[in-house]
>>> print(open('query-v6.pdb').read())   # PDB, C-alpha atoms
ATOM      1  CA  MET I 566     123.295 119.350 103.746
ATOM      2  CA  LYS I 567     121.333 120.877 100.896
ATOM      3  CA  TYR I 568     117.626 121.098 101.600
ATOM      4  CA  ALA I 569     114.640 122.550  99.771
ATOM      5  CA  GLY I 570     111.564 123.231 101.908
ATOM      6  CA  THR I 571     110.419 124.253 105.348
ATOM      7  CA  ARG I 572     110.743 122.620 108.739
ATOM      8  CA  GLU I 573     107.303 121.155 109.323
ATOM      9  CA  GLY I 574     106.144 119.336 112.434
ATOM     10  CA  VAL I 575     107.603 115.861 112.721
ATOM     11  CA  THR I 576     105.163 113.872 114.872
ATOM     12  CA  GLY I 577     102.181 116.147 115.061
ATOM     13  CA  ALA I 578     102.289 116.543 118.845
ATOM     14  CA  GLY I 579     100.198 119.580 119.686
ATOM     15  CA  THR I 580      99.869 120.582 116.013
ATOM     16  CA  GLY I 581      97.142 118.259 114.718
ATOM     17  CA  SER I 582      98.175 115.979 111.846
ATOM     18  CA  PRO I 583     101.774 114.694 111.532
ATOM     19  CA  ARG I 584     102.704 116.858 108.568
ATOM     20  CA  LEU I 585     106.078 115.310 107.840
ATOM     21  CA  LEU I 586     104.627 111.816 107.867
ATOM     22  CA  ASP I 587     101.831 113.015 105.597
ATOM     23  CA  ARG I 588     104.487 114.104 103.114
ATOM     24  CA  VAL I 589     106.104 110.684 103.404
ATOM     25  CA  ARG I 590     102.790 108.997 102.614
ATOM     26  CA  GLU I 591     102.204 111.298  99.661
ATOM     27  CA  ALA I 592     105.677 110.631  98.232
ATOM     28  CA  ILE I 593     105.157 106.873  98.569
ATOM     29  CA  ARG I 594     101.763 106.947  96.851
ATOM     30  CA  VAL I 595     103.064 109.077  93.976
ATOM     31  CA  ARG I 596     105.622 106.331  93.326
ATOM     32  CA  HIS I 597     102.939 103.614  93.479
ATOM     33  CA  TYR I 598     104.584 101.781  96.352
ATOM     34  CA  SER I 599     102.407  99.168  98.029
ATOM     35  CA  ARG I 600     100.351  99.922 101.117
ATOM     36  CA  ARG I 601     102.557  97.503 103.073
ATOM     37  CA  THR I 602     105.658  99.495 102.115
ATOM     38  CA  GLU I 603     103.905 102.702 103.140
ATOM     39  CA  GLN I 604     103.009 101.286 106.536
ATOM     40  CA  ALA I 605     106.523  99.952 107.120
ATOM     41  CA  TYR I 606     108.324 103.149 106.038
ATOM     42  CA  VAL I 607     106.066 105.448 108.049
ATOM     43  CA  ALA I 608     106.502 103.245 111.131
ATOM     44  CA  TRP I 609     110.321 103.220 110.843
ATOM     45  CA  ILE I 610     110.537 106.967 110.243
ATOM     46  CA  ARG I 611     108.318 107.631 113.250
ATOM     47  CA  ARG I 612     110.477 105.362 115.414
ATOM     48  CA  PHE I 613     113.647 107.071 114.173
ATOM     49  CA  ILE I 614     112.269 110.501 115.118
ATOM     50  CA  LEU I 615     110.977 109.384 118.520
ATOM     51  CA  ALA I 616     114.292 107.658 119.266
ATOM     52  CA  ASN I 617     115.988 111.052 118.835
ATOM     53  CA  ALA I 618     113.756 113.038 121.178
ATOM     54  CA  ARG I 619     111.409 114.206 118.374
ATOM     55  CA  MET I 620     114.169 116.221 116.723
ATOM     56  CA  HIS I 621     113.613 117.166 113.093
ATOM     57  CA  PRO I 622     115.508 114.835 110.724
ATOM     58  CA  LEU I 623     117.315 117.866 109.268
ATOM     59  CA  ASP I 624     119.029 118.286 112.634
ATOM     60  CA  LEU I 625     120.231 114.683 112.607
ATOM     61  CA  GLY I 626     123.024 113.042 110.671
ATOM     62  CA  ALA I 627     125.167 109.964 110.171
ATOM     63  CA  ARG I 628     125.880 109.502 113.870
ATOM     64  CA  GLU I 629     122.188 109.348 114.780
ATOM     65  CA  VAL I 630     121.347 107.022 111.887
ATOM     66  CA  GLU I 631     124.157 104.627 112.770
ATOM     67  CA  ALA I 632     123.217 104.728 116.451
ATOM     68  CA  PHE I 633     119.597 103.951 115.626
ATOM     69  CA  LEU I 634     120.529 100.993 113.388
ATOM     70  CA  THR I 635     123.034  99.722 115.942
ATOM     71  CA  ARG I 636     120.404  99.777 118.694
ATOM     72  CA  LEU I 637     118.114  97.720 116.485
ATOM     73  CA  ALA I 638     120.826  95.079 116.063
ATOM     74  CA  THR I 639     122.125  95.023 119.639
ATOM     75  CA  ASP I 640     119.152  95.876 121.858
ATOM     76  CA  ARG I 641     116.290  94.567 119.726
ATOM     77  CA  ASN I 642     118.287  91.781 118.055
ATOM     78  CA  VAL I 643     116.414  92.260 114.766
ATOM     79  CA  ALA I 644     117.273  90.347 111.602
ATOM     80  CA  ALA I 645     119.531  91.856 108.947
ATOM     81  CA  GLY I 646     116.577  92.260 106.569
ATOM     82  CA  THR I 647     114.654  94.253 109.180
ATOM     83  CA  GLN I 648     117.653  96.482 109.832
ATOM     84  CA  ASN I 649     118.074  97.146 106.113
ATOM     85  CA  GLN I 650     114.367  97.952 105.787
ATOM     86  CA  ALA I 651     114.760 100.587 108.509
ATOM     87  CA  LEU I 652     117.746 102.062 106.639
ATOM     88  CA  ALA I 653     115.756 102.089 103.374
ATOM     89  CA  ALA I 654     112.955 104.013 105.089
ATOM     90  CA  ILE I 655     115.372 106.614 106.460
ATOM     91  CA  LEU I 656     117.045 106.953 103.063
ATOM     92  CA  PHE I 657     113.639 107.505 101.459
ATOM     93  CA  LEU I 658     112.843 110.210 104.003
ATOM     94  CA  TYR I 659     116.001 112.199 103.318
ATOM     95  CA  ARG I 660     116.319 111.729  99.563
ATOM     96  CA  GLU I 661     112.724 111.640  98.335
ATOM     97  CA  VAL I 662     110.834 113.684 100.932
ATOM     98  CA  LEU I 663     113.303 116.238 102.303
ATOM     99  CA  GLY I 664     115.420 116.498  99.139
ATOM    100  CA  VAL I 665     118.665 116.190 101.086
ATOM    101  CA  GLU I 666     121.986 115.104  99.582
ATOM    102  CA  LEU I 667     123.487 112.449 101.814
ATOM    103  CA  PRO I 668     127.178 111.914 101.068
ATOM    104  CA  TRP I 669     127.626 110.578 104.591
ATOM    105  CA  MET I 670     125.075 107.817 103.943
ATOM    106  CA  GLU I 671     127.623 106.006 101.802
ATOM    107  CA  ASP I 672     129.586 105.272 104.981
ATOM    108  CA  VAL I 673     126.633 103.809 106.904
ATOM    109  CA  VAL I 674     127.242 100.086 107.282
ATOM    110  CA  ARG I 675     124.464  97.904 105.881
ATOM    111  CA  ALA I 676     123.774  94.612 107.589
ATOM    112  CA  LYS I 677     124.651  91.527 105.565
ATOM    113  CA  ARG I 678     121.819  89.069 105.204
ATOM    114  CA  PRO I 679     123.006  85.502 105.881
ATOM    115  CA  ARG I 680     122.451  83.083 103.033
ATOM    116  CA  ARG I 681     119.974  80.486 104.269
ATOM    117  CA  ILE I 682     118.973  77.267 102.563
ATOM    118  CA  PRO I 683     115.164  77.310 102.358
ATOM    119  CA  SER I 684     112.973  74.710 104.000
ATOM    120  CA  VAL I 685     111.504  72.406 101.334
ATOM    121  CA  LEU I 686     108.820  69.747 101.642
ATOM    122  CA  THR I 687     109.015  66.403  99.887
ATOM    123  CA  ARG I 688     106.266  65.546  97.418
ATOM    124  CA  GLU I 689     104.802  63.170  99.987
ATOM    125  CA  GLU I 690     104.746  65.932 102.612
ATOM    126  CA  VAL I 691     103.066  68.325 100.180
ATOM    127  CA  GLY I 692     100.427  65.677  99.561
ATOM    128  CA  ARG I 693      99.820  65.225 103.283
ATOM    129  CA  LEU I 694      99.564  68.971 103.809
ATOM    130  CA  LEU I 695      97.050  69.487 101.003
ATOM    131  CA  ALA I 696      95.065  66.415 102.078
ATOM    132  CA  VAL I 697      94.076  68.029 105.389
ATOM    133  CA  LEU I 698      93.021  71.315 103.752
ATOM    134  CA  ASP I 699      89.714  71.888 102.024
ATOM    135  CA  GLY I 700      87.681  74.608 100.344
ATOM    136  CA  GLN I 701      89.306  77.912  99.466
ATOM    137  CA  PRO I 702      92.440  77.395 101.641
ATOM    138  CA  TRP I 703      93.101  74.106  99.805
ATOM    139  CA  LEU I 704      92.776  75.747  96.392
ATOM    140  CA  MET I 705      95.039  78.669  97.347
ATOM    141  CA  ALA I 706      97.692  76.402  98.886
ATOM    142  CA  ALA I 707      97.553  74.121  95.846
ATOM    143  CA  LEU I 708      98.072  77.157  93.603
ATOM    144  CA  LEU I 709     101.120  78.232  95.600
ATOM    145  CA  TYR I 710     102.690  74.812  95.109
ATOM    146  CA  GLY I 711     101.413  74.287  91.568
ATOM    147  CA  THR I 712     102.465  77.672  90.172
ATOM    148  CA  GLY I 713     105.204  79.010  92.461
ATOM    149  CA  MET I 714     103.266  82.194  93.161
ATOM    150  CA  ARG I 715     104.001  84.245  96.243
ATOM    151  CA  LEU I 716     101.303  84.486  98.898
ATOM    152  CA  MET I 717     100.181  88.027  98.017
ATOM    153  CA  GLU I 718     100.305  87.271  94.284
ATOM    154  CA  CYS I 719      97.808  84.481  94.869
ATOM    155  CA  VAL I 720      95.614  86.550  97.189
ATOM    156  CA  ARG I 721      95.475  89.408  94.643
ATOM    157  CA  LEU I 722      94.694  87.182  91.651
ATOM    158  CA  ARG I 723      91.904  88.609  89.478
ATOM    159  CA  VAL I 724      89.382  86.793  87.296
ATOM    160  CA  LYS I 725      90.721  88.268  84.038
ATOM    161  CA  ASP I 726      94.196  86.864  84.716
ATOM    162  CA  VAL I 727      93.108  83.227  84.813
ATOM    163  CA  ASP I 728      93.350  82.108  81.183
ATOM    164  CA  PHE I 729      91.689  78.698  80.812
ATOM    165  CA  ALA I 730      92.118  78.705  77.019
ATOM    166  CA  ARG I 731      95.910  79.113  77.209
ATOM    167  CA  ASN I 732      96.285  77.066  80.417
ATOM    168  CA  GLU I 733      98.156  79.867  82.163
ATOM    169  CA  ILE I 734      97.823  82.424  84.899
ATOM    170  CA  VAL I 735      99.167  85.957  84.506
ATOM    171  CA  VAL I 736     100.764  87.268  87.686
ATOM    172  CA  ARG I 737     100.382  91.044  87.691
ATOM    173  CA  ASP I 738     102.612  93.519  89.492
ATOM    174  CA  GLY I 739     104.730  90.932  91.266
ATOM    175  CA  LYS I 740     107.821  91.704  93.288
ATOM    176  CA  GLY I 741     109.663  94.558  91.607
ATOM    177  CA  GLY I 742     106.478  95.580  89.755
ATOM    178  CA  LYS I 743     106.956  92.859  87.120
ATOM    179  CA  ASP I 744     104.325  90.756  85.327
ATOM    180  CA  ARG I 745     104.923  87.110  84.418
ATOM    181  CA  ARG I 746     103.088  83.988  83.300
ATOM    182  CA  VAL I 747     102.878  80.734  85.231
ATOM    183  CA  PRO I 748     101.252  77.414  84.254
ATOM    184  CA  LEU I 749      97.657  76.703  85.233
ATOM    185  CA  PRO I 750      97.795  73.222  86.816
ATOM    186  CA  GLN I 751      95.387  70.893  85.021
ATOM    187  CA  ARG I 752      94.315  69.334  88.316
ATOM    188  CA  LEU I 753      93.061  72.744  89.463
ATOM    189  CA  ARG I 754      91.079  73.728  86.343
ATOM    190  CA  ASP I 755      87.703  72.595  87.651
ATOM    191  CA  ALA I 756      88.286  74.027  91.123
ATOM    192  CA  LEU I 757      89.390  77.380  89.668
ATOM    193  CA  ALA I 758      86.417  77.431  87.297
ATOM    194  CA  SER I 759      84.103  76.850  90.269
ATOM    195  CA  ALA I 760      85.833  79.664  92.190
ATOM    196  CA  VAL I 761      85.320  82.045  89.263
ATOM    197  CA  GLU I 762      81.652  81.040  89.064
ATOM    198  CA  ARG I 763      81.210  81.794  92.781
ATOM    199  CA  VAL I 764      82.764  85.209  92.189
ATOM    200  CA  ARG I 765      80.314  85.757  89.314
ATOM    201  CA  VAL I 766      77.330  85.056  91.577
ATOM    202  CA  LEU I 767      78.706  87.152  94.441
ATOM    203  CA  HIS I 768      79.502  90.048  92.119
ATOM    204  CA  ALA I 769      75.986  89.994  90.658
ATOM    205  CA  HIS I 770      74.615  90.164  94.207
ATOM    206  CA  ASP I 771      76.913  93.094  95.055
ATOM    207  CA  LEU I 772      75.811  94.971  91.934
ATOM    208  CA  ALA I 773      72.172  94.421  92.840
ATOM    209  CA  GLN I 774      72.887  95.939  96.261
ATOM    210  CA  GLY I 775      74.500  99.021  94.699
ATOM    211  CA  ALA I 776      78.071  97.860  95.370
ATOM    212  CA  GLY I 777      80.275  95.658  93.166
ATOM    213  CA  GLU I 778      83.275  97.966  92.867
ATOM    214  CA  VAL I 779      86.842  96.769  93.356
ATOM    215  CA  TRP I 780      90.096  98.686  93.813
ATOM    216  CA  LEU I 781      92.061  99.319  90.613
ATOM    217  CA  PRO I 782      95.837  99.909  90.474
ATOM    218  CA  HIS I 783      97.761 102.879  89.100
ATOM    219  CA  ALA I 784      94.860 105.322  88.646
ATOM    220  CA  LEU I 785      93.079 103.014  86.184
ATOM    221  CA  ALA I 786      89.805 104.014  87.845
ATOM    222  CA  LYS I 787      90.210 107.507  86.378
ATOM    223  CA  LYS I 788      91.058 106.219  82.911
ATOM    224  CA  TYR I 789      88.360 103.530  82.921
ATOM    225  CA  PRO I 790      85.672 104.674  85.395
ATOM    226  CA  ASN I 791      83.500 101.554  84.979
ATOM    227  CA  ALA I 792      86.258  98.934  84.980
ATOM    228  CA  GLY I 793      86.126  98.497  88.763
ATOM    229  CA  ARG I 794      82.584  97.126  88.445
ATOM    230  CA  GLU I 795      83.422  94.584  85.723
ATOM    231  CA  LEU I 796      83.670  90.883  86.538
ATOM    232  CA  GLY I 797      87.165  90.549  85.071
ATOM    233  CA  TRP I 798      88.663  92.885  87.652
ATOM    234  CA  GLN I 799      87.117  91.097  90.643
ATOM    235  CA  TYR I 800      89.363  89.060  92.914
ATOM    236  CA  VAL I 801      89.259  85.274  92.504
ATOM    237  CA  PHE I 802      89.447  84.994  96.294
ATOM    238  CA  PRO I 803      87.210  87.798  97.581
ATOM    239  CA  ALA I 804      86.738  88.875 101.173
ATOM    240  CA  PRO I 805      83.531  87.623 102.808
ATOM    241  CA  ARG I 806      82.393  91.176 103.594
ATOM    242  CA  LEU I 807      82.573  94.647 102.081
ATOM    243  CA  SER I 808      85.085  96.989 103.703
ATOM    244  CA  GLN I 809      86.154 100.617 103.616
ATOM    245  CA  ASP I 810      89.281 101.494 101.659
ATOM    246  CA  PRO I 811      91.673 103.118 104.187
ATOM    247  CA  ARG I 812      93.033 105.529 101.558
ATOM    248  CA  SER I 813      89.944 106.628  99.632
ATOM    249  CA  GLY I 814      87.242 105.838 102.161
ATOM    250  CA  ARG I 815      85.163 104.041  99.498
ATOM    251  CA  VAL I 816      83.330 100.844 100.386
ATOM    252  CA  ARG I 817      84.465  97.934  98.225
ATOM    253  CA  ARG I 818      84.910  94.159  98.265
ATOM    254  CA  HIS I 819      88.612  93.545  98.773
ATOM    255  CA  HIS I 820      90.479  90.256  98.470
ATOM    256  CA  VAL I 821      90.513  87.757 101.321
ATOM    257  CA  ASP I 822      93.016  88.559 104.065
ATOM    258  CA  GLU I 823      96.265  86.642 103.656
ATOM    259  CA  SER I 824      96.232  85.660 107.338
ATOM    260  CA  VAL I 825      93.334  83.282 106.590
ATOM    261  CA  LEU I 826      95.578  81.070 104.440
ATOM    262  CA  GLN I 827      98.566  81.505 106.748
ATOM    263  CA  ARG I 828      96.562  80.194 109.704
ATOM    264  CA  ALA I 829      95.127  77.326 107.637
ATOM    265  CA  VAL I 830      98.611  76.195 106.539
ATOM    266  CA  ARG I 831      99.908  76.406 110.102
ATOM    267  CA  VAL I 832      97.067  74.232 111.395
ATOM    268  CA  ALA I 833      97.456  71.835 108.444
ATOM    269  CA  ARG I 834     101.166  71.370 109.183
ATOM    270  CA  GLU I 835     100.354  70.355 112.752
ATOM    271  CA  THR I 836      97.516  68.060 111.666
ATOM    272  CA  ALA I 837      99.686  66.400 109.004
ATOM    273  CA  ARG I 838     102.497  66.028 111.567
ATOM    274  CA  ILE I 839     105.100  67.703 109.410
ATOM    275  CA  GLU I 840     108.107  68.535 111.574
ATOM    276  CA  LYS I 841     109.774  70.969 109.169
ATOM    277  CA  PRO I 842     109.085  74.712 109.417
ATOM    278  CA  THR I 843     106.228  75.137 106.926
ATOM    279  CA  THR I 844     104.679  78.388 105.739
ATOM    280  CA  CYS I 845     102.926  79.508 102.577
ATOM    281  CA  HIS I 846     106.317  80.470 101.145
ATOM    282  CA  THR I 847     107.575  76.932 101.754
ATOM    283  CA  LEU I 848     105.196  75.786  99.018
ATOM    284  CA  ARG I 849     106.889  78.195  96.585
ATOM    285  CA  HIS I 850     110.304  76.821  97.606
ATOM    286  CA  SER I 851     109.008  73.293  97.077
ATOM    287  CA  PHE I 852     107.660  74.208  93.619
ATOM    288  CA  ALA I 853     111.086  75.419  92.463
ATOM    289  CA  THR I 854     113.028  72.545  93.998
ATOM    290  CA  HIS I 855     110.749  69.851  92.589
ATOM    291  CA  LEU I 856     110.887  71.406  89.110
ATOM    292  CA  LEU I 857     114.684  71.425  89.131
ATOM    293  CA  ASP I 858     114.735  67.897  90.515
ATOM    294  CA  ALA I 859     112.551  66.814  87.579
ATOM    295  CA  GLY I 860     115.082  68.223  85.118
ATOM    296  CA  ALA I 861     113.625  71.664  84.381
ATOM    297  CA  ASP I 862     116.061  74.276  83.059
ATOM    298  CA  ILE I 863     117.127  76.718  85.749
ATOM    299  CA  ARG I 864     116.431  79.695  83.461
ATOM    300  CA  THR I 865     112.862  78.492  83.005
ATOM    301  CA  VAL I 866     112.433  78.170  86.771
ATOM    302  CA  GLN I 867     113.926  81.651  87.192
ATOM    303  CA  GLU I 868     111.319  83.062  84.809
ATOM    304  CA  LEU I 869     108.448  81.230  86.501
ATOM    305  CA  LEU I 870     109.521  82.514  89.908
ATOM    306  CA  GLY I 871     110.035  86.074  88.680
ATOM    307  CA  HIS I 872     113.637  86.295  89.886
ATOM    308  CA  SER I 873     115.711  89.126  88.403
ATOM    309  CA  ASP I 874     118.981  87.260  88.926
ATOM    310  CA  VAL I 875     119.548  83.562  88.283
ATOM    311  CA  ALA I 876     121.807  83.532  91.342
ATOM    312  CA  THR I 877     118.656  83.837  93.459
ATOM    313  CA  THR I 878     117.210  80.748  91.777
ATOM    314  CA  GLN I 879     120.424  78.779  92.247
ATOM    315  CA  ILE I 880     119.790  78.527  95.988
ATOM    316  CA  TYR I 881     117.362  75.701  95.178
ATOM    317  CA  THR I 882     120.114  73.598  93.643
ATOM    318  CA  HIS I 883     121.579  73.298  97.151
ATOM    319  CA  VAL I 884     118.562  71.409  98.476
ATOM    320  CA  LEU I 885     118.378  68.808  95.702
ATOM    321  CA  GLN I 886     119.404  65.212  96.256
ATOM    322  CA  ARG I 887     122.374  65.948  94.002
ATOM    323  CA  GLY I 888     123.820  67.957  96.900
ATOM    324  CA  ALA I 889     124.803  66.666 100.332
ATOM    325  CA  GLY I 890     121.975  64.105 100.282
ATOM    326  CA  GLY I 891     123.423  62.499  97.170
ATOM    327  CA  VAL I 892     126.905  61.967  98.630
ATOM    328  CA  LEU I 893     127.737  58.603 100.185
ATOM    329  CA  SER I 894     129.174  59.150 103.647
ATOM    330  CA  PRO I 895     132.522  57.417 104.364
ATOM    331  CA  LEU I 896     130.837  55.804 107.361
ATOM    332  CA  ASP I 897     128.441  53.974 104.995
ATOM    333  CA  ARG I 898     131.212  52.504 102.845
TER     334      ARG I 898
END
>>> encode(input="query-v6.pdb", output="structure tokens")
Amino acid sequence: MKYAGTREGVTGAGTGSPRLLDRVREAIRVRHYSRRTEQAYVAWIRRFILANARMHPLDLGAREVEAFLTRLATDRNVAAGTQNQALAAILFLYREVLGVELPWMEDVVRAKRPRRIPSVLTREEVGRLLAVLDGQPWLMAALLYGTGMRLMECVRLRVKDVDFARNEIVVRDGKGGKDRRVPLPQRLRDALASAVERVRVLHAHDLAQGAGEVWLPHALAKKYPNAGRELGWQYVFPAPRLSQDPRSGRVRRHHVDESVLQRAVRVARETARIEKPTTCHTLRHSFATHLLDAGADIRTVQELLGHSDVATTQIYTHVLQRGAGGVLSPLDR
């Protein structure tokens, strides 16, 4: 293997900070990967090293990688997506951090993700679910169903991206780093306007207390030093308390934790007595399915969902009444 660099410590045992993992974090942040990706990659790389008796990755090869992935599938019984995430983390370590050419990686077998038909609520079930929610969880859940946004896209929504004049919401930095526009549901205009007004009052209070700063993406804070204190950059759904940024150490008001909405939807499903598996993402599935069922063009739905490939959007055609539910069984003839 070709390698440029020195053999640093791998887990930091007895040497202070884990230098190799620090390099992994630095490489991830340079590429503007999300904090979730950083946490996942660092965790998988650490597990890979510990599973091989703390040996340096340069002393490991295809056999160790395959053995590690096989153990995940056989002993831990992890899903194919989890196994592929572990492989992606190891690939990132070798290619981007250690600068190693990996011809043998082409032979590592990647797990195939089974094609699942998503769980979708009926319109009546969506109504029952939303009826038992209130306040901010209701508004966020209604946005997920009314716009097709992903959970984190909704949680990270900023004031400047809610355009009441154009009746649209701009989703920034979605999956794959892409921006897109989604419709602003008319039934949510007043509720969203009230949410923005609450943010305005809270932000004014934070500024009066010497705070009021919010995290900005992609080094915008250096280019526009005062932007982080402007109302437009504040989160529509802010956290109830100020917190310390784990990367910079600065005290800011972050967005509300996504687990708040996840718990609310879980409780609402039980209260509404909905038997289907129902999560925040189920509302996004329901948005796409109901649009297609109403006659929307699949390319339009693809754009609204932010899918790169229309084949991903086509999965929703399998849950429409035009599928198995629209066929008359021979037993009923």
>>> resolve_selection(input="query-v6.pdb", expression="the PyMOL selection byres ((chain I and resi 825-839) around 7)", output="list in words")
Arg693, Leu694, Val697, Leu698, Pro702, Asp822, Glu823, Ser824, Glu840, Lys841, Thr843, Thr844 and Cys845 of chain I
>>> residues_around(input="query-v6.pdb", residues="Phe657 in chain I", least_positions_apart="3", cutoff="12 Å", atoms="all atoms listed in the file", output="PDB file with C-alpha atoms, in the frame of the given file")
ATOM      1  CA  LEU I 586     104.627 111.816 107.867  1.00  0.00           C
ATOM      2  CA  ARG I 588     104.487 114.104 103.114  1.00  0.00           C
ATOM      3  CA  VAL I 589     106.104 110.684 103.404  1.00  0.00           C
ATOM      4  CA  ARG I 590     102.790 108.997 102.614  1.00  0.00           C
ATOM      5  CA  ALA I 592     105.677 110.631  98.232  1.00  0.00           C
ATOM      6  CA  ILE I 593     105.157 106.873  98.569  1.00  0.00           C
ATOM      7  CA  ARG I 596     105.622 106.331  93.326  1.00  0.00           C
ATOM      8  CA  TYR I 598     104.584 101.781  96.352  1.00  0.00           C
ATOM      9  CA  THR I 602     105.658  99.495 102.115  1.00  0.00           C
ATOM     10  CA  GLU I 603     103.905 102.702 103.140  1.00  0.00           C
ATOM     11  CA  ALA I 605     106.523  99.952 107.120  1.00  0.00           C
ATOM     12  CA  TYR I 606     108.324 103.149 106.038  1.00  0.00           C
ATOM     13  CA  VAL I 607     106.066 105.448 108.049  1.00  0.00           C
ATOM     14  CA  TRP I 609     110.321 103.220 110.843  1.00  0.00           C
ATOM     15  CA  ILE I 610     110.537 106.967 110.243  1.00  0.00           C
ATOM     16  CA  PRO I 622     115.508 114.835 110.724  1.00  0.00           C
ATOM     17  CA  GLN I 650     114.367  97.952 105.787  1.00  0.00           C
ATOM     18  CA  ALA I 651     114.760 100.587 108.509  1.00  0.00           C
ATOM     19  CA  LEU I 652     117.746 102.062 106.639  1.00  0.00           C
ATOM     20  CA  ALA I 653     115.756 102.089 103.374  1.00  0.00           C
ATOM     21  CA  ALA I 654     112.955 104.013 105.089  1.00  0.00           C
ATOM     22  CA  ARG I 660     116.319 111.729  99.563  1.00  0.00           C
ATOM     23  CA  GLU I 661     112.724 111.640  98.335  1.00  0.00           C
ATOM     24  CA  VAL I 662     110.834 113.684 100.932  1.00  0.00           C
ATOM     25  CA  LEU I 663     113.303 116.238 102.303  1.00  0.00           C
ATOM     26  CA  GLY I 664     115.420 116.498  99.139  1.00  0.00           C
ATOM     27  CA  VAL I 665     118.665 116.190 101.086  1.00  0.00           C
ATOM     28  CA  GLU I 666     121.986 115.104  99.582  1.00  0.00           C
ATOM     29  CA  LEU I 667     123.487 112.449 101.814  1.00  0.00           C
ATOM     30  CA  MET I 670     125.075 107.817 103.943  1.00  0.00           C
TER      31      MET I 670
END
>>> residues_around(input="query-v6.pdb", residues="Ala853 in chain I", least_positions_apart="4", cutoff="9 Å", atoms="only C-alpha atoms", output="ChimeraX atom specification")
/I:710,713,848-849,857-858,866-867,869-870,878,881
>>> write_last_selection(input="query-v6.pdb", atoms="C-alpha atoms", output="mmCIF file, keeping the file's coordinate frame")
data_model
loop_
_atom_site.group_PDB
_atom_site.id
_atom_site.type_symbol
_atom_site.label_atom_id
_atom_site.label_comp_id
_atom_site.auth_asym_id
_atom_site.auth_seq_id
_atom_site.Cartn_x
_atom_site.Cartn_y
_atom_site.Cartn_z
ATOM 1 C CA TYR I 710 102.690 74.812 95.109
ATOM 2 C CA GLY I 713 105.204 79.010 92.461
ATOM 3 C CA LEU I 848 105.196 75.786 99.018
ATOM 4 C CA ARG I 849 106.889 78.195 96.585
ATOM 5 C CA LEU I 857 114.684 71.425 89.131
ATOM 6 C CA ASP I 858 114.735 67.897 90.515
ATOM 7 C CA VAL I 866 112.433 78.170 86.771
ATOM 8 C CA GLN I 867 113.926 81.651 87.192
ATOM 9 C CA LEU I 869 108.448 81.230 86.501
ATOM 10 C CA LEU I 870 109.521 82.514 89.908
ATOM 11 C CA THR I 878 117.210 80.748 91.777
ATOM 12 C CA TYR I 881 117.362 75.701 95.178
#
>>> atom_distance(input="query-v6.pdb", atom1="CA of His846 in chain I", atom2="CA of Met714 in chain I")
8.7 Å
>>> atom_distance(input="query-v6.pdb", atom1="CA of Ala804 in chain I", atom2="CA of Leu722 in chain I")
12.5 Å
>>> resolve_selection(input="query-v6.pdb", expression="the PyMOL selection byres ((chain I and resi 711) around 8)", output="VMD selection string")
chain I and resid 707 to 710 712 to 713 748 to 750 852
>>> write_last_selection(input="query-v6.pdb", atoms="C-alpha atoms", output="PDB file, in the frame of the given file")
ATOM      1  CA  ALA I 707      97.553  74.121  95.846  1.00  0.00           C
ATOM      2  CA  LEU I 708      98.072  77.157  93.603  1.00  0.00           C
ATOM      3  CA  LEU I 709     101.120  78.232  95.600  1.00  0.00           C
ATOM      4  CA  TYR I 710     102.690  74.812  95.109  1.00  0.00           C
ATOM      5  CA  THR I 712     102.465  77.672  90.172  1.00  0.00           C
ATOM      6  CA  GLY I 713     105.204  79.010  92.461  1.00  0.00           C
ATOM      7  CA  PRO I 748     101.252  77.414  84.254  1.00  0.00           C
ATOM      8  CA  LEU I 749      97.657  76.703  85.233  1.00  0.00           C
ATOM      9  CA  PRO I 750      97.795  73.222  86.816  1.00  0.00           C
ATOM     10  CA  PHE I 852     107.660  74.208  93.619  1.00  0.00           C
TER      11      PHE I 852
END
